[in-house]
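> Below is the file work_31.pdb, with PDB, C-alpha atoms.
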ATOM      1  CA  MET L  33     214.970 178.848  23.038
ATOM      2  CA  GLN L  34     217.674 179.233  20.398
ATOM      3  CA  ARG L  35     220.095 180.697  22.923
ATOM      4  CA  VAL L  36     219.740 177.643  25.166
ATOM      5  CA  SER L  37     220.481 175.226  22.337
ATOM      6  CA  GLU L  38     223.484 177.347  21.260
ATOM      7  CA  ALA L  39     224.764 177.314  24.827
ATOM      8  CA  ARG L  40     224.455 173.525  24.921
ATOM      9  CA  ARG L  41     226.521 173.225  21.746
ATOM     10  CA  LYS L  42     229.266 175.409  23.215
ATOM     11  CA  LYS L  43     229.312 173.549  26.528
ATOM     12  CA  PRO L  44     232.871 172.516  27.497
ATOM     13  CA  PRO L  45     233.686 168.825  27.109
ATOM     14  CA  GLY L  46     233.291 166.544  30.113
ATOM     15  CA  PRO L  47     236.289 165.104  31.957
ATOM     16  CA  LYS L  48     236.304 161.841  29.961
ATOM     17  CA  LYS L  49     236.211 163.653  26.625
ATOM     18  CA  LEU L  50     238.901 166.085  27.796
ATOM     19  CA  LEU L  51     241.148 163.194  28.861
ATOM     20  CA  LEU L  52     240.710 161.475  25.477
ATOM     21  CA  GLN L  53     241.480 164.720  23.677
ATOM     22  CA  LEU L  54     244.568 165.227  25.857
ATOM     23  CA  LYS L  55     245.757 161.679  25.058
ATOM     24  CA  ASP L  56     245.219 162.307  21.322
ATOM     25  CA  ASP L  57     247.212 165.533  21.497
ATOM     26  CA  GLN L  58     250.056 163.795  23.326
ATOM     27  CA  SER L  59     250.018 160.517  21.377
ATOM     28  CA  MET L  60     252.952 161.601  19.252
ATOM     29  CA  SER L  61     255.120 162.465  22.248
ATOM     30  CA  TYR L  62     253.742 160.140  24.923
ATOM     31  CA  VAL L  63     256.050 157.232  25.691
ATOM     32  CA  PRO L  64     254.911 154.509  28.064
ATOM     33  CA  GLU L  65     257.196 154.340  31.075
ATOM     34  CA  GLU L  66     257.256 150.552  30.803
ATOM     35  CA  ALA L  67     258.806 150.761  27.314
ATOM     36  CA  VAL L  68     261.504 153.147  28.538
ATOM     37  CA  ASN L  69     262.251 150.888  31.529
ATOM     38  CA  ARG L  70     262.540 147.818  29.308
ATOM     39  CA  MET L  71     264.859 149.631  26.920
ATOM     40  CA  ALA L  72     266.927 150.972  29.813
ATOM     41  CA  ARG L  73     267.400 147.429  31.139
ATOM     42  CA  LEU L  74     268.543 146.299  27.695
ATOM     43  CA  ILE L  75     271.001 149.093  26.941
ATOM     44  CA  GLY L  76     271.888 150.177  30.488
ATOM     45  CA  ASN L  77     271.301 153.916  30.060
ATOM     46  CA  PRO L  78     267.894 155.459  30.977
ATOM     47  CA  ASP L  79     268.511 158.717  29.064
ATOM     48  CA  LYS L  80     269.464 156.930  25.857
ATOM     49  CA  ALA L  81     266.574 154.532  26.412
ATOM     50  CA  GLU L  82     264.038 157.350  26.401
ATOM     51  CA  CYS L  83     265.557 158.824  23.222
ATOM     52  CA  LYS L  84     265.508 155.431  21.501
ATOM     53  CA  VAL L  85     261.917 154.714  22.546
ATOM     54  CA  ASN L  86     260.834 158.189  21.344
ATOM     55  CA  ARG L  87     262.528 157.541  18.006
ATOM     56  CA  LEU L  88     260.850 154.134  17.694
ATOM     57  CA  ARG L  89     257.470 155.604  18.622
ATOM     58  CA  SER L  90     257.918 158.293  15.960
ATOM     59  CA  ILE L  91     258.732 155.662  13.331
ATOM     60  CA  THR L  92     255.785 153.441  14.249
ATOM     61  CA  ASN L  93     253.374 156.383  14.270
ATOM     62  CA  ASN L  94     254.325 157.074  10.638
ATOM     63  CA  ILE L  95     253.571 153.526   9.468
ATOM     64  CA  ASP L  96     250.354 153.252   7.486
ATOM     65  CA  GLU L  97     248.750 149.917   8.427
ATOM     66  CA  LYS L  98     246.503 149.784   5.343
ATOM     67  CA  GLU L  99     249.502 150.336   3.089
ATOM     68  CA  LEU L 100     251.386 147.543   4.874
ATOM     69  CA  GLU L 101     248.473 145.155   4.354
ATOM     70  CA  ALA L 102     248.397 145.965   0.634
ATOM     71  CA  GLU L 103     252.144 145.376   0.350
ATOM     72  CA  ALA L 104     251.855 142.111   2.278
ATOM     73  CA  GLU L 105     249.170 140.946  -0.161
ATOM     74  CA  ILE L 106     251.614 141.437  -3.042
ATOM     75  CA  PHE L 107     254.340 139.461  -1.285
ATOM     76  CA  GLN L 108     251.871 136.711  -0.363
ATOM     77  CA  ALA L 109     250.815 136.455  -3.995
ATOM     78  CA  MET L 110     254.449 136.078  -5.026
ATOM     79  CA  SER L 111     255.292 133.597  -2.254
ATOM     80  CA  ASP L 112     253.967 130.531  -4.073
ATOM     81  CA  PRO L 113     256.333 128.743  -6.517
ATOM     82  CA  CYS L 114     253.483 128.104  -8.974
ATOM     83  CA  ARG L 115     252.563 131.788  -9.055
ATOM     84  CA  LEU L 116     256.214 132.738  -9.498
ATOM     85  CA  LYS L 117     256.330 130.371 -12.450
ATOM     86  CA  ILE L 118     253.248 132.070 -13.923
ATOM     87  CA  LEU L 119     254.888 135.474 -13.503
ATOM     88  CA  THR L 120     258.033 134.153 -15.184
ATOM     89  CA  LEU L 121     255.945 132.833 -18.089
ATOM     90  CA  LEU L 122     254.145 136.167 -18.438
ATOM     91  CA  ARG L 123     257.479 137.937 -18.567
ATOM     92  CA  GLU L 124     257.640 136.833 -22.198
ATOM     93  CA  GLY L 125     254.267 138.404 -22.999
ATOM     94  CA  GLU L 126     250.532 137.863 -22.833
ATOM     95  CA  LEU L 127     249.319 134.268 -22.570
ATOM     96  CA  CYS L 128     245.936 132.560 -22.666
ATOM     97  CA  VAL L 129     244.868 130.507 -19.636
ATOM     98  CA  CYS L 130     245.060 127.348 -21.759
ATOM     99  CA  GLU L 131     248.707 128.096 -22.588
ATOM    100  CA  ILE L 132     249.531 128.662 -18.939
ATOM    101  CA  MET L 133     247.781 125.387 -18.006
ATOM    102  CA  ILE L 134     249.896 123.450 -20.486
ATOM    103  CA  ALA L 135     253.124 125.133 -19.370
ATOM    104  CA  LEU L 136     252.387 124.424 -15.694
ATOM    105  CA  GLU L 137     250.975 120.950 -16.326
ATOM    106  CA  ARG L 138     248.127 121.796 -13.944
ATOM    107  CA  PRO L 139     244.345 121.609 -14.284
ATOM    108  CA  GLN L 140     242.310 124.628 -15.287
ATOM    109  CA  SER L 141     240.841 125.078 -11.794
ATOM    110  CA  SER L 142     244.275 125.270 -10.144
ATOM    111  CA  THR L 143     245.660 127.581 -12.818
ATOM    112  CA  SER L 144     242.636 129.893 -12.587
ATOM    113  CA  HIS L 145     242.916 129.986  -8.790
ATOM    114  CA  HIS L 146     246.559 131.107  -8.960
ATOM    115  CA  LEU L 147     245.786 133.650 -11.695
ATOM    116  CA  SER L 148     242.937 135.017  -9.587
ATOM    117  CA  ILE L 149     245.296 135.607  -6.647
ATOM    118  CA  LEU L 150     247.823 137.330  -8.914
ATOM    119  CA  LYS L 151     245.087 139.460 -10.463
ATOM    120  CA  ASP L 152     243.594 140.447  -7.067
ATOM    121  CA  SER L 153     247.032 141.548  -5.860
ATOM    122  CA  GLY L 154     247.472 143.730  -8.957
ATOM    123  CA  LEU L 155     250.450 141.809 -10.359
ATOM    124  CA  VAL L 156     248.683 140.691 -13.552
ATOM    125  CA  LYS L 157     245.934 142.077 -15.736
ATOM    126  CA  GLU L 158     243.258 140.130 -17.568
ATOM    127  CA  ARG L 159     241.914 140.751 -21.053
ATOM    128  CA  LYS L 160     238.771 138.953 -22.182
ATOM    129  CA  ASP L 161     238.465 137.928 -25.819
ATOM    130  CA  GLY L 162     235.124 136.200 -26.200
ATOM    131  CA  ARG L 163     235.301 133.167 -23.943
ATOM    132  CA  TRP L 164     239.093 133.313 -23.698
ATOM    133  CA  SER L 165     241.014 135.049 -20.955
ATOM    134  CA  HIS L 166     244.478 136.404 -21.657
ATOM    135  CA  TYR L 167     246.845 137.496 -18.911
ATOM    136  CA  ARG L 168     249.835 139.816 -18.868
ATOM    137  CA  LEU L 169     252.042 141.444 -16.263
ATOM    138  CA  SER L 170     250.464 144.648 -15.015
ATOM    139  CA  GLU L 171     253.651 146.717 -14.793
ATOM    140  CA  GLY L 172     257.324 146.566 -15.644
ATOM    141  CA  ALA L 173     257.913 146.799 -11.899
ATOM    142  CA  VAL L 174     256.834 143.159 -11.589
ATOM    143  CA  ILE L 175     259.777 142.167 -13.792
ATOM    144  CA  GLU L 176     262.044 144.311 -11.618
ATOM    145  CA  MET L 177     260.748 142.541  -8.504
ATOM    146  CA  LEU L 178     261.517 139.166 -10.078
ATOM    147  CA  ASN L 179     264.995 140.372 -11.051
ATOM    148  CA  MET L 180     265.566 141.688  -7.524
ATOM    149  CA  ALA L 181     264.526 138.325  -6.031
ATOM    150  CA  LYS L 182     267.082 136.536  -8.227
ATOM    151  CA  LEU L 183     269.775 139.024  -7.274
ATOM    152  CA  MET L 184     269.024 138.666  -3.556
ATOM    153  CA  LYS L 185     269.113 134.884  -3.885
ATOM    154  CA  LYS L 186     272.587 135.092  -5.446
ATOM    155  CA  LEU L 187     273.791 137.477  -2.748
ATOM    156  CA  PHE L 188     272.530 135.296   0.089
ATOM    157  CA  LEU L 189     273.891 132.081  -1.400
ATOM    158  CA  THR L 190     277.382 133.551  -1.853
ATOM    159  CA  SER L 191     277.646 135.121   1.598
TER
END
Output the structure of this file as structure tokens.

Amino acid sequence: MQRVSEARRKKPPGPKKLLLQLKDDQSMSYVPEEAVNRMARLIGNPDKAECKVNRLRSITNNIDEKELEAEAEIFQAMSDPCRLKILTLLREGELCVCEIMIALERPQSSTSHHLSILKDSGLVKERKDGRWSHYRLSEGAVIEMLNMAKLMKKLFLTS
């Protein structure tokens, strides 16, 4: 009885499973003909088109989608002017929510909402002190990102 069950385990995969395995093995080198044809129409050279499409496929295969989503969350958190103002305030050091509310001239609910988004994205850290919440920038890299945004703004406005 054991020999039969061992034989079943070692049974070769069916045609569907074999085809899926073959596609997985070739996914890095497989280039859809349609993509090559479209590229060839754009650049006018089928040989170069295949090389370009292979290069693009290689690049896209190395992109980590989860990592992109995490990076997008950071940029979304920074895309609001109110949140950028909070980050600029926190550049000077740790502040209590009540201080941030006064600086922004916004209600507590709005301020807490924006702080929550910044905290969830990892841009700020919270420290509880009794019933008070104090916020600070999580890393020096946040300051560098703000500096880079200012620099890019200057570059784009002068060009």
> Would you kindly identify which residues have an atom no farther than 7 Å from (248.8, 141.6, -15.1), using all atoms listed in the file and the file's own coordinates, and write them out as a ChimeraX atom specification?
/L:151,154-158,167-170
> Pick from L:Leu150, L:Cys128, L:Leu88, L:Ala181: nearest to Cys114 (chain L), with all atoms listed in the file counted?
L:Leu150
> Let me make sure I understand: among L:Asn69, L:Arg159, L:Pro64, L:Gln108, which one has the smallest atom-to-atom distance to Arg89 (chain L) if we use all atoms listed in the file?
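Result for the nearest residue to Arg89 (chain L): L:Pro64.
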> Would you please work out which residue, of L:Ile75, L:Ala67, L:Leu119, L:Cys130, is nearest to Arg163 (chain L) when using only C-alpha atoms?
L:Cys130
> Quick one: pull the distance between CA of Ile132 (chain L) and CA of Ile118 (chain L), Å, one decimal.
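The value is 7.1 Å.
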> Which value, in Å to one decimal, gives the distance between CA of Ser142 (chain L) and CA of Ser111 (chain L)?
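Value for the CA of Ser142 (chain L)-CA of Ser111 (chain L) distance: 15.9 Å.
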> Running the PyMOL selection byres ((chain L and resi 176-179) around 12) on this model by hand, what would come out? Give it as a ChimeraX atom specification.
/L:106-107,110-111,115-123,155,169,171-175,180-186
> Which neighbours of Glu131 (chain L) fall inside 12 Å, counting all atoms listed in the file, when residues of the same chain fewer than 4 positions from it are skipped, and could you give them as a list of chain:residue names?
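Close residues of Glu131 (chain L): L:Ile118, L:Leu121, L:Leu122, L:Gly125, L:Glu126, L:Leu127, L:Ala135, L:Leu136, L:Glu137, L:Arg138, L:Pro139, L:Gln140, L:Thr143, L:Ser144, L:Trp164, L:Ser165, L:His166, L:Tyr167.
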> Work out how far CA of Ile134 (chain L) is from CA of Ser153 (chain L), in Å to one decimal.
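Answer for the CA of Ser153 (chain L) to CA of Ile134 (chain L) separation: 23.4 Å.
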